[in-house]
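Q: Input structure: structure.txt, which contains compact mmCIF, C-alpha atoms.
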```txt
# COMPACT_ATOMS: atom_id res chain seq x y z
CA MET A 12 61.95 19.35 14.47
CA VAL A 13 58.89 17.40 15.49
CA VAL A 14 58.27 16.86 19.20
CA ASN A 15 56.25 13.70 19.68
CA GLN A 16 54.19 11.99 22.36
CA LYS A 17 52.45 13.33 25.43
CA ILE A 18 54.69 12.88 28.45
CA SER A 19 53.65 11.96 32.00
CA GLY A 20 54.96 10.06 35.02
CA LEU A 21 58.72 9.71 35.45
CA ALA A 22 59.24 11.09 31.95
CA ALA A 23 57.49 14.33 32.88
CA THR A 24 59.48 14.59 36.10
CA MET A 25 62.70 14.23 34.09
CA ASN A 26 61.57 16.78 31.46
CA ALA A 27 61.72 14.10 28.77
CA LYS A 28 61.06 14.98 25.13
CA ILE A 29 61.05 12.80 22.02
CA ILE A 30 62.07 14.75 18.95
CA GLY A 31 62.08 13.61 15.33
CA SER A 32 60.52 10.77 13.37
CA GLY A 33 63.32 8.50 12.19
CA GLU A 34 63.05 4.72 12.23
CA ARG A 35 65.85 4.27 14.77
CA SER A 36 65.76 5.51 18.37
CA MET A 37 68.48 7.47 20.16
CA VAL A 38 68.95 8.77 23.71
CA LEU A 39 71.11 11.79 24.51
CA ALA A 40 72.09 11.87 28.19
CA HIS A 41 73.90 14.86 29.70
CA GLY A 42 76.63 14.88 32.35
CA PHE A 43 77.49 16.59 35.63
CA GLY A 44 76.26 20.14 36.04
CA CYS A 45 74.30 20.14 32.79
CA ASP A 46 70.83 19.80 31.40
CA GLN A 47 69.49 18.65 28.04
CA SER A 48 70.27 22.02 26.43
CA VAL A 49 73.88 20.88 25.94
CA TRP A 50 72.60 18.86 22.95
CA ASP A 51 70.84 21.75 21.22
CA LYS A 52 73.40 22.12 18.42
CA ILE A 53 73.22 18.50 17.27
CA ILE A 54 69.53 17.64 17.80
CA PRO A 55 68.34 19.34 14.57
CA VAL A 56 70.59 17.03 12.54
CA LEU A 57 70.08 13.83 14.56
CA SER A 58 66.29 14.25 14.64
CA GLN A 59 66.18 13.99 10.86
CA SER A 60 67.34 10.37 11.07
CA PHE A 61 66.35 9.28 14.59
CA LYS A 62 63.61 9.59 17.15
CA VAL A 63 65.71 11.38 19.78
CA LEU A 64 64.92 11.21 23.50
CA VAL A 65 66.39 13.95 25.68
CA PHE A 66 65.82 14.42 29.40
CA ASP A 67 67.33 15.87 32.58
CA TRP A 68 68.79 13.74 35.36
CA LEU A 69 67.24 14.47 38.75
CA PHE A 70 70.41 16.26 39.91
CA SER A 71 70.00 18.87 37.18
CA GLY A 72 69.06 22.42 38.06
CA ALA A 73 66.41 22.17 35.32
CA ILE A 74 64.31 19.77 37.43
CA LYS A 75 61.33 21.60 38.91
CA ASP A 76 61.26 19.70 42.21
CA GLN A 77 64.83 19.82 43.49
CA SER A 78 63.91 17.67 46.49
CA LEU A 79 63.64 14.61 44.23
CA TYR A 80 67.42 14.23 44.22
CA ASP A 81 68.25 12.31 47.38
CA PRO A 82 72.02 11.96 47.86
CA SER A 83 71.53 8.99 50.17
CA LYS A 84 69.76 7.13 47.35
CA TYR A 85 71.96 8.32 44.49
CA ASN A 86 75.20 7.24 46.12
CA SER A 87 76.60 5.52 43.00
CA PHE A 88 75.87 5.33 39.28
CA ASP A 89 73.64 2.31 39.82
CA PRO A 90 70.43 4.17 40.84
CA PHE A 91 70.83 6.43 37.80
CA SER A 92 70.96 3.35 35.57
CA ASP A 93 67.71 2.18 37.18
CA ASP A 94 66.12 5.55 36.36
CA LEU A 95 67.27 5.24 32.75
CA ILE A 96 65.82 1.75 32.40
CA ALA A 97 62.56 2.86 34.02
CA LEU A 98 62.35 5.85 31.67
CA LEU A 99 62.84 3.70 28.56
CA GLU A 100 60.29 1.16 29.78
CA GLU A 101 57.73 3.82 30.65
CA LEU A 102 58.00 5.41 27.22
CA LYS A 103 58.27 2.02 25.46
CA PHE A 104 61.26 3.54 23.72
CA GLY A 105 63.93 1.45 22.09
CA PRO A 106 66.07 -0.44 21.62
CA VAL A 107 68.24 2.67 21.47
CA VAL A 108 71.56 4.12 20.48
CA PHE A 109 72.62 5.54 23.84
CA VAL A 110 74.83 8.63 23.67
CA GLY A 111 76.14 9.40 27.15
CA HIS A 112 78.27 12.43 27.90
CA SER A 113 80.81 12.18 30.72
CA LEU A 114 79.23 10.46 33.75
CA SER A 115 76.33 9.31 31.57
CA GLY A 116 78.74 7.11 29.67
CA MET A 117 79.20 5.03 32.82
CA ILE A 118 75.46 5.08 33.55
CA GLY A 119 74.83 3.72 30.05
CA PHE A 120 77.34 0.93 30.64
CA ALA A 121 75.64 -0.02 33.91
CA ALA A 122 72.17 0.01 32.36
CA SER A 123 73.29 -2.03 29.35
CA ILE A 124 74.72 -4.73 31.60
CA LYS A 125 71.35 -5.06 33.36
CA ARG A 126 69.22 -4.76 30.22
CA PRO A 127 71.23 -5.30 27.02
CA ASP A 128 67.97 -5.76 25.12
CA LEU A 129 67.24 -2.02 25.48
CA PHE A 130 70.41 -0.93 23.64
CA THR A 131 71.76 -1.38 20.12
CA ASN A 132 74.88 0.78 20.56
CA LEU A 133 76.63 2.72 23.30
CA ILE A 134 78.41 5.98 22.47
CA PRO A 135 80.21 7.37 25.52
CA ILE A 136 81.56 10.88 24.88
CA ALA A 137 84.38 12.21 27.09
CA ALA A 138 83.58 9.47 29.61
CA SER A 139 85.85 7.94 32.20
CA PRO A 140 85.57 4.96 34.56
CA ARG A 141 88.05 6.55 37.00
CA TYR A 142 89.45 10.07 37.31
CA ILE A 143 92.21 9.42 39.87
CA ASN A 144 95.61 8.13 38.77
CA SER A 145 96.91 4.87 40.17
CA GLU A 146 100.12 2.94 39.70
CA ASP A 147 98.98 1.29 36.46
CA TYR A 148 96.31 3.76 35.30
CA LYS A 149 96.26 7.39 34.19
CA GLY A 150 92.94 8.97 35.08
CA GLY A 151 94.14 12.55 34.80
CA PHE A 152 94.09 13.62 38.47
CA GLU A 153 95.98 12.93 41.65
CA SER A 154 93.97 12.30 44.81
CA LYS A 155 94.97 15.71 46.17
CA ASP A 156 93.57 17.38 43.03
CA ILE A 157 90.16 15.82 43.65
CA ASP A 158 90.33 16.75 47.33
CA THR A 159 90.95 20.37 46.34
CA LEU A 160 88.08 20.30 43.84
CA ILE A 161 85.67 18.96 46.46
CA THR A 162 86.85 21.51 49.02
CA ASN A 163 86.31 24.37 46.54
CA ILE A 164 82.80 23.21 45.70
CA GLY A 165 81.94 23.08 49.38
CA SER A 166 83.49 26.40 50.36
CA ASN A 167 82.37 28.73 47.56
CA TYR A 168 80.20 27.04 44.96
CA GLU A 169 79.46 30.15 42.86
CA ALA A 170 83.14 31.00 42.46
CA TRP A 171 84.00 27.38 41.73
CA ALA A 172 81.29 27.17 39.03
CA VAL A 173 82.73 30.20 37.23
CA ALA A 174 86.27 28.83 37.38
CA PHE A 175 85.32 25.25 36.45
CA ALA A 176 83.29 26.34 33.40
CA SER A 177 86.17 28.45 32.12
CA ILE A 178 88.56 25.48 32.42
CA VAL A 179 86.53 22.57 31.04
CA VAL A 180 84.74 24.28 28.11
CA ASP A 181 86.69 25.42 25.04
CA SER A 182 87.50 29.05 25.88
CA ARG A 183 87.27 30.00 22.21
CA ASP A 184 83.50 29.53 22.48
CA SER A 185 82.49 32.06 25.11
CA LEU A 186 78.77 31.44 24.68
CA SER A 187 79.20 27.77 25.51
CA VAL A 188 81.33 28.65 28.53
CA GLN A 189 78.53 30.93 29.72
CA ARG A 190 75.88 28.30 29.05
CA PHE A 191 77.66 25.66 31.12
CA GLU A 192 78.34 28.16 33.90
CA LYS A 193 74.64 29.04 33.98
CA CYS A 194 73.70 25.34 34.18
CA LEU A 195 76.14 24.77 37.03
CA LYS A 196 74.75 27.70 38.98
CA LYS A 197 71.21 26.31 38.66
CA MET A 198 72.25 23.20 40.60
CA LYS A 199 71.82 23.24 44.34
CA PRO A 200 75.31 23.53 45.87
CA GLU A 201 74.67 20.60 48.19
CA THR A 202 73.57 18.49 45.21
CA ALA A 203 76.67 19.44 43.24
CA LEU A 204 78.89 18.58 46.20
CA ALA A 205 77.29 15.18 46.79
CA LEU A 206 77.39 14.27 43.10
CA ALA A 207 80.98 15.48 42.63
CA LYS A 208 82.14 13.19 45.43
CA ILE A 209 80.56 10.22 43.64
CA VAL A 210 81.73 11.12 40.14
CA PHE A 211 85.30 12.20 40.79
CA GLY A 212 85.87 9.53 43.42
CA SER A 213 84.39 6.73 41.33
CA ASP A 214 86.13 3.63 40.05
CA GLU A 215 83.92 1.83 37.54
CA ARG A 216 86.67 -0.04 35.73
CA GLU A 217 85.15 -3.38 36.71
CA LEU A 218 82.05 -2.56 34.64
CA LEU A 219 83.96 -2.57 31.38
CA ASP A 220 84.48 -6.31 30.97
CA GLN A 221 80.74 -6.83 31.49
CA VAL A 222 79.68 -4.54 28.61
CA SER A 223 78.54 -6.65 25.66
CA VAL A 224 76.57 -4.05 23.64
CA PRO A 225 78.65 -2.62 20.73
CA CYS A 226 80.44 0.48 21.98
CA HIS A 227 81.91 3.45 20.11
CA VAL A 228 84.06 5.61 22.39
CA ILE A 229 84.38 9.26 21.30
CA GLN A 230 86.97 11.45 23.00
CA PRO A 231 88.03 15.08 22.45
CA GLY A 232 91.74 15.33 21.72
CA ASN A 233 92.36 18.08 24.27
CA ASP A 234 90.16 17.44 27.30
CA VAL A 235 91.44 18.63 30.68
CA VAL A 236 89.03 16.26 32.45
CA VAL A 237 89.69 13.00 30.57
CA PRO A 238 93.04 12.08 28.96
CA VAL A 239 92.97 10.43 25.52
CA SER A 240 94.59 7.35 27.06
CA VAL A 241 91.36 6.65 28.99
CA ALA A 242 89.46 6.09 25.73
CA TYR A 243 91.94 3.42 24.67
CA PHE A 244 91.90 1.87 28.14
CA MET A 245 88.13 1.47 27.88
CA GLN A 246 88.38 -0.02 24.39
CA GLU A 247 90.90 -2.58 25.64
CA LYS A 248 88.79 -3.61 28.64
CA ILE A 249 85.27 -3.57 27.17
CA LYS A 250 84.02 -7.12 26.68
CA GLY A 251 82.11 -6.61 23.44
CA GLU A 252 82.91 -4.95 20.15
CA SER A 253 84.41 -1.49 20.67
CA THR A 254 86.01 1.31 18.69
CA VAL A 255 87.68 4.63 19.56
CA ASP A 256 87.45 7.94 17.72
CA ILE A 257 89.55 10.89 18.85
CA ILE A 258 88.35 14.31 17.67
CA LYS A 259 91.90 15.61 17.51
CA ASP A 260 91.22 19.34 17.30
CA ALA A 261 88.42 19.36 19.88
CA MET A 262 89.29 21.47 22.93
CA GLY A 263 87.60 20.92 26.26
CA HIS A 264 85.12 18.42 27.67
CA PHE A 265 82.02 19.34 25.63
CA PRO A 266 82.40 18.49 21.93
CA GLN A 267 78.62 18.50 21.48
CA MET A 268 78.73 22.22 22.27
CA THR A 269 82.07 23.40 20.89
CA SER A 270 83.03 20.88 18.17
CA HIS A 271 79.56 19.76 17.13
CA ILE A 272 80.24 19.60 13.40
CA GLU A 273 83.20 17.27 13.92
CA LEU A 274 81.21 15.21 16.41
CA LEU A 275 78.35 14.80 13.94
CA ASP A 276 80.80 13.72 11.26
CA VAL A 277 82.04 10.92 13.53
CA MET A 278 78.51 9.89 14.48
CA ARG A 279 77.42 9.82 10.83
CA ARG A 280 80.24 7.45 9.98
CA LEU A 281 79.65 5.19 12.99
CA LEU A 282 75.87 5.00 12.66
CA GLU A 283 75.60 5.37 8.87
CA PHE A 284 72.99 8.10 8.64
```
When written as structure tokens, how does the structure in this file appear?
A:
Amino acid sequence: MVVNQKISGLAATMNAKIIGSGERSMVLAHGFGCDQSVWDKIIPVLSQSFKVLVFDWLFSGAIKDQSLYDPSKYNSFDPFSDDLIALLEELKFGPVVFVGHSLSGMIGFAASIKRPDLFTNLIPIAASPRYINSEDYKGGFESKDIDTLITNIGSNYEAWAVAFASIVVDSRDSLSVQRFEKCLKKMKPETALALAKIVFGSDERELLDQVSVPCHVIQPGNDVVVPVSVAYFMQEKIKGESTVDIIKDAMGHFPQMTSHIELLDVMRRLLEF
């Protein structure tokens, strides 16, 4: 792998790195409780065909200055989309294939609506516009489930992090479970609580019919966080061209960590590399 470009400014704050020397550009954006290390298994392959930008959102425990995450500012996905746009502009990077895991899928949608010129494709992985069930929508959780989750984060964050990691990561891959648990524990508990309230209480369904950039939804077949039906809901509602790929045998919410070979196979077919 070749790491390119000296980094400063916002990019340095967000621990940004550009890896590889391909003609096309790609961004890998992590989700809640994570940092850029969740992409480590697929970067060596992707960087052979793409210039790959990885970074850490300001809520991540990998950020040196934890005071930079202000919950009063980051009270929706919108400010994160502004950070993404600013990062791409600062680095003069793109247009890009944007691969967004979980909450980053929604951030990518929001950014692409504001600046479609910065994106060639959107690839949300295990993403959801809404986690709470309603009369005509299956998000995977009842309101009381989310209330319990938020209460557990607030009352005993360390214990919750251990339990959550063991549930949402494929238990057959103990190293990946441990890695996600470690990432969670690096987050400030108050940051995790504030962000969880936004993520798990969100309803971004209205974004979907504004997304015009070609979108390829990838969903693990056995994800306790996001039901398969959500992927097809997004495909139906997205304004522009969209496809769905279900990695049927993938267990858990992190296919880039636990089903990376299958994920790469799907990405190769979609992006023709």
Q: Neighbouring residues of stretch 270-280 of chain A were defined as those with any atom within 8 Å, considering all atoms listed in the file; residues of the same chain fewer than 5 positions away were excluded. Please report them as a PDB file with C-alpha atoms, in the coordinates of the input.
A:
```pdb
ATOM      1  CA  LYS A  52      73.400  22.120  18.420  1.00  0.00           C
ATOM      2  CA  ILE A  53      73.220  18.500  17.270  1.00  0.00           C
ATOM      3  CA  ASP A 256      87.450   7.940  17.720  1.00  0.00           C
ATOM      4  CA  ILE A 258      88.350  14.310  17.670  1.00  0.00           C
ATOM      5  CA  ALA A 261      88.420  19.360  19.880  1.00  0.00           C
ATOM      6  CA  MET A 262      89.290  21.470  22.930  1.00  0.00           C
ATOM      7  CA  PHE A 265      82.020  19.340  25.630  1.00  0.00           C
TER       8      PHE A 265
END
```
Q: Given the choices A:Glu252, A:Ala121, A:Tyr168, A:Pro238, which gets closest to A:Glu192 if the distance is worked out from only C-alpha atoms?
A: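 Nearest to A:Glu192: A:Tyr168.
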Q: Ranking A:Met268, A:Val49, A:Leu79, A:Ile30 by minimum distance to A:Arg183 and counting only C-alpha atoms, which one comes first?
A: A:Met268
Q: From the options A:Val237, A:Leu219, A:Met25, A:Val107, which residue's atoms come nearest to A:Asp76, counting all atoms listed in the file?
A: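 Closest candidate: A:Met25.
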Q: Please, what distance in Å, to one decimal, runs between atom CA of A:Leu281 and atom CA of A:Ile178?
A: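 Rounded to one decimal, the two atoms are 29.5 Å apart.
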Q: My structure is short of atoms at stretch 231-256 of chain A; please model N, CA and C atoms there, returning them as a short mmCIF file (atom, residue, chain, number, x, y, z; two decimals), keeping the file's coordinate frame.
A:
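And here is the file that came out, rebuild.cif:
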```cif
data_model
loop_
_atom_site.label_atom_id
_atom_site.label_comp_id
_atom_site.auth_asym_id
_atom_site.auth_seq_id
_atom_site.Cartn_x
_atom_site.Cartn_y
_atom_site.Cartn_z
N PRO A 231 87.34 13.89 22.93
CA PRO A 231 88.03 15.08 22.45
C PRO A 231 89.54 14.92 22.61
N GLY A 232 90.29 15.49 21.68
CA GLY A 232 91.74 15.33 21.72
C GLY A 232 92.43 16.15 22.78
N ASN A 233 91.76 17.18 23.28
CA ASN A 233 92.36 18.08 24.27
C ASN A 233 91.36 18.37 25.38
N ASP A 234 91.16 17.39 26.23
CA ASP A 234 90.16 17.44 27.30
C ASP A 234 90.89 17.46 28.63
N VAL A 235 90.73 18.53 29.39
CA VAL A 235 91.44 18.63 30.68
C VAL A 235 90.85 17.69 31.73
N VAL A 236 89.68 17.15 31.48
CA VAL A 236 89.03 16.26 32.45
C VAL A 236 89.40 14.80 32.19
N VAL A 237 89.46 14.41 30.93
CA VAL A 237 89.69 13.00 30.57
C VAL A 237 90.84 12.91 29.55
N PRO A 238 91.94 12.27 29.92
CA PRO A 238 93.04 12.08 28.96
C PRO A 238 92.63 11.12 27.82
N VAL A 239 93.24 11.30 26.67
CA VAL A 239 92.97 10.43 25.52
C VAL A 239 93.24 8.97 25.86
N SER A 240 94.23 8.73 26.70
CA SER A 240 94.59 7.35 27.06
C SER A 240 93.43 6.59 27.70
N VAL A 241 92.51 7.30 28.35
CA VAL A 241 91.36 6.65 28.99
C VAL A 241 90.46 5.99 27.94
N ALA A 242 90.30 6.65 26.80
CA ALA A 242 89.46 6.09 25.73
C ALA A 242 90.02 4.74 25.27
N TYR A 243 91.33 4.67 25.11
CA TYR A 243 91.94 3.42 24.67
C TYR A 243 91.93 2.37 25.78
N PHE A 244 92.03 2.80 27.02
CA PHE A 244 91.90 1.87 28.14
C PHE A 244 90.52 1.22 28.11
N MET A 245 89.49 2.03 27.91
CA MET A 245 88.13 1.47 27.88
C MET A 245 87.97 0.50 26.71
N GLN A 246 88.49 0.88 25.55
CA GLN A 246 88.38 -0.02 24.39
C GLN A 246 89.02 -1.37 24.68
N GLU A 247 90.18 -1.34 25.33
CA GLU A 247 90.90 -2.58 25.64
C GLU A 247 90.13 -3.46 26.61
N LYS A 248 89.43 -2.85 27.57
CA LYS A 248 88.79 -3.61 28.64
C LYS A 248 87.35 -3.99 28.34
N ILE A 249 86.68 -3.27 27.45
CA ILE A 249 85.27 -3.57 27.17
C ILE A 249 85.15 -4.97 26.57
N LYS A 250 84.19 -5.72 27.07
CA LYS A 250 84.02 -7.12 26.68
C LYS A 250 83.61 -7.26 25.22
N GLY A 251 82.65 -6.47 24.79
CA GLY A 251 82.11 -6.61 23.44
C GLY A 251 82.89 -5.82 22.41
N GLU A 252 82.31 -5.72 21.23
CA GLU A 252 82.91 -4.95 20.15
C GLU A 252 83.05 -3.49 20.56
N SER A 253 84.22 -2.89 20.30
CA SER A 253 84.41 -1.49 20.67
C SER A 253 85.37 -0.80 19.72
N THR A 254 85.15 0.49 19.52
CA THR A 254 86.01 1.31 18.69
C THR A 254 86.30 2.61 19.44
N VAL A 255 87.33 3.33 19.00
CA VAL A 255 87.68 4.63 19.56
C VAL A 255 87.83 5.64 18.43
N ASP A 256 87.23 6.80 18.62
CA ASP A 256 87.45 7.94 17.72
C ASP A 256 87.90 9.13 18.55
#
```
